[in-house]
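S.K.: Take a look at the following structure, please.
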Amino acid sequence: MLIRDSRLDIPSSEITPKGIYLNRRALMTAGAGLIAAAALPRSARAAALNPVPSDLTTTGEALTSKEDVTSYNNFYEFGTGKSDPARHAGSLTTAPWTVKVDGLAGKPGDYALDELMRGLAVEERVYRMRCVEGWSMVIPWAGVPLAALLAKVEPQPSAKYVAFETLVRPSEMPEQDTSWPPLPWPYVEGLRMDEATNPLTLMAVGLYGETLPNQNGAPLRLVVPWKYGFKSIKSIVRITLTETQPPTSWNQQAPSEYGFYANVNPSVDHPRWSQASERRIGEGLTSRRDTLMFNGYGDFVASMYAGMDLAQNY
Ligand SMILES: Nc1nc2c(c(=O)[nH]1)N[C@H]1C(S)=C(S)[C@@H](COP(=O)(O)O)O[C@H]1N2
Ligand SMILES: [Mo]
């Protein structure tokens, strides 16, 4: 069996056992979607052979239109209205782009985006995205598994979390230049190491087969499809490997409403509204569908939370 995963290049002491078990199961069920990678360098081979179960290239549901995906957005650096990002993000300078990798990494540094992505195979993944506000979309992303990207920078055994930071550039991000910002800047997010290296977790560089539009988080954004949308941080300029759970923006803003985990969960309501159902953008204002546990990705992720009180760890 030639299939291997980038995480298997990391000593097993660095990964939680649950992550490994999940990974082995995913490897065994991975049949389709694997790219012939013999000609690629070693780091790229790990990425290309990351398990891509065939059902991750479709949800079986209609895609949300490109128009809706790129015009109804949350990107508070450009304003809090849904149409603000599409109106104001166009002027964001996304090249050159540097990502600082620091903390508990064997290969820290200031990486040019090209350098960070070099050799990694870009895959298409069609994921549901469920915003904590109660709306959802189905989006065809293009990106690399975060696990493959992390393998390049060599997490140290003590690294238990991955922290992310969005660009701060008030000259191009108008809401960073106001006296009463809706959030403290920079926008920050984080994942546990097993979540970060889960095969579903993507670093997106495109959607609908094109380079990522600025309003969707160009040039590099996280996509964590089983968590509420606010975990999927946009326009990332820093990745820090840490031993302790990093602070996250919405949790800091309203700790009783937004937790660190933020797993989609129809049975744990937001203090101010139900999370049992959602409005699929493009399907009309009154039509609602049931929200799925882990946004429908339980087979891939539920084992990471075995034994955890999900109402307590919201
Ligand atoms: N830096 C940054 N990242 C962010 C946000 C933000 O305001 N700033 N909003 C989040 C929220 S609440 C959601 S629902 C998604 C929306 O992603 P989309 O506009 O590409 O659909 O981005 C997330 N990432
Ligand atoms: Mo959101």
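Chain labels A, B, ... are given in the sequence in which chains occur in the structure tokens; within each chain residues are numbered consecutively from 1, and ligands are likewise numbered from 1 in the order shown.
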List as number ranges by chain the protein and nucleic acid residues near Thr240 of chain A, meaning an atom at most 10 Å away when only C-alpha atoms are counted, but skip any in the same chain fewer than 5 places from it.
M.R.: A: 100-105, 108, 155, 159, 161-165, 190, 246
S.K.: Around ligand 2, out to 7 Å and counting only C-alpha atoms and all ligand atoms, which residues are there? I want them as a PyMOL selection string.
M.R.: chain A and resi 74+131-133+228-230
S.K.: Those residues you just picked out, can you put them in a file as a short mmCIF file (atom, residue, chain, number, x, y, z; two decimals), in the first residue's frame with N, CA, C and O atoms?
M.R.:
```cif
data_model
loop_
_atom_site.label_atom_id
_atom_site.label_comp_id
_atom_site.auth_asym_id
_atom_site.auth_seq_id
_atom_site.Cartn_x
_atom_site.Cartn_y
_atom_site.Cartn_z
N ASN A 74 -18.83 37.38 5.53
CA ASN A 74 -18.41 37.97 6.80
C ASN A 74 -16.90 38.16 6.75
O ASN A 74 -16.15 37.19 6.63
N CYS A 131 -22.51 29.13 9.09
CA CYS A 131 -22.19 30.27 9.95
C CYS A 131 -22.97 30.15 11.25
O CYS A 131 -24.11 29.69 11.27
N VAL A 132 -22.36 30.58 12.33
CA VAL A 132 -23.00 30.52 13.65
C VAL A 132 -24.27 31.37 13.69
O VAL A 132 -25.13 31.19 14.54
N GLU A 133 -24.40 32.29 12.71
CA GLU A 133 -25.58 33.15 12.65
C GLU A 133 -26.82 32.40 12.14
O GLU A 133 -27.93 32.95 12.22
N TYR A 228 -18.30 26.08 13.12
CA TYR A 228 -18.95 27.31 12.67
C TYR A 228 -17.95 28.17 11.89
O TYR A 228 -16.74 28.14 12.14
N GLY A 229 -18.49 28.92 10.94
CA GLY A 229 -17.67 29.64 9.97
C GLY A 229 -16.61 30.55 10.58
O GLY A 229 -15.56 30.76 9.96
N PHE A 230 -16.87 31.06 11.79
CA PHE A 230 -15.89 32.02 12.34
C PHE A 230 -14.54 31.39 12.64
O PHE A 230 -13.54 32.10 12.81
#
```
S.K.: Within 7 Å of ligand 1, counting only C-alpha atoms and all ligand atoms, which protein or nucleic acid residues do you find, written as a PyMOL selection string?
M.R.: chain A and resi 69+72-77+130-132+166+187+215-217+228-235
S.K.: When you count only C-alpha atoms, which of these residues is closest to Thr93 of chain A: A:Glu172, A:Asp290, A:Glu257, A:Glu278?
M.R.: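 Counting only C-alpha atoms, the residue closest to Thr93 of chain A is A:Glu172.
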S.K.: Enumerate the residues of segment 50-299 of chain A with a DSSP assignment of helix (DSSP H, G or I), computed from the backbone, and present them as a VMD selection string.
M.R.: chain A and resid 54 to 57 66 to 71 76 to 78 84 to 91 113 to 117 146 to 153 174 to 177 193 to 196 214 to 216 229 to 231 249 to 253 293 to 296 298 to 299
S.K.: Grab the atom CA of Ala254 of chain A to atom CA of Thr80 of chain A distance for me, in Å with one decimal place.
M.R.: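 Separating atom CA of Ala254 of chain A from atom CA of Thr80 of chain A is a distance of 16.3 Å.
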S.K.: Out of A:Val122, A:Val138, A:Leu113, A:Val224, which residue has the shortest atom-to-atom distance to Phe300 of chain A when counting only C-alpha atoms?
M.R.: A:Val224
S.K.: Would you kindly return, as JSON, numbers by chain, each protein, DNA or RNA residue with an atom no farther than 8 Å from any atom of segment 268-272 of chain A, considering only C-alpha atoms and excluding same-chain residues fewer than 2 positions away?
M.R.: {"A": [256, 257, 265, 266, 274, 275, 276, 310, 311, 314]}
S.K.: With only C-alpha atoms as the basis for distance, which of A:Val144, A:Ala204, A:Ala302, A:Ala89 is at the shortest distance from Leu220 of chain A?
M.R.: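 For Leu220 of chain A, the nearest of the candidates is A:Ala204.
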S.K.: In segment 111-314 of chain A, what's strand (DSSP E or B) per DSSP? Answer as a ChimeraX atom specification?
M.R.: /A:111-112,123-130,135-145,155,161-166,188-192,202-207,210-211,221-223,227,236-242,263,270,273,277-280,289-290
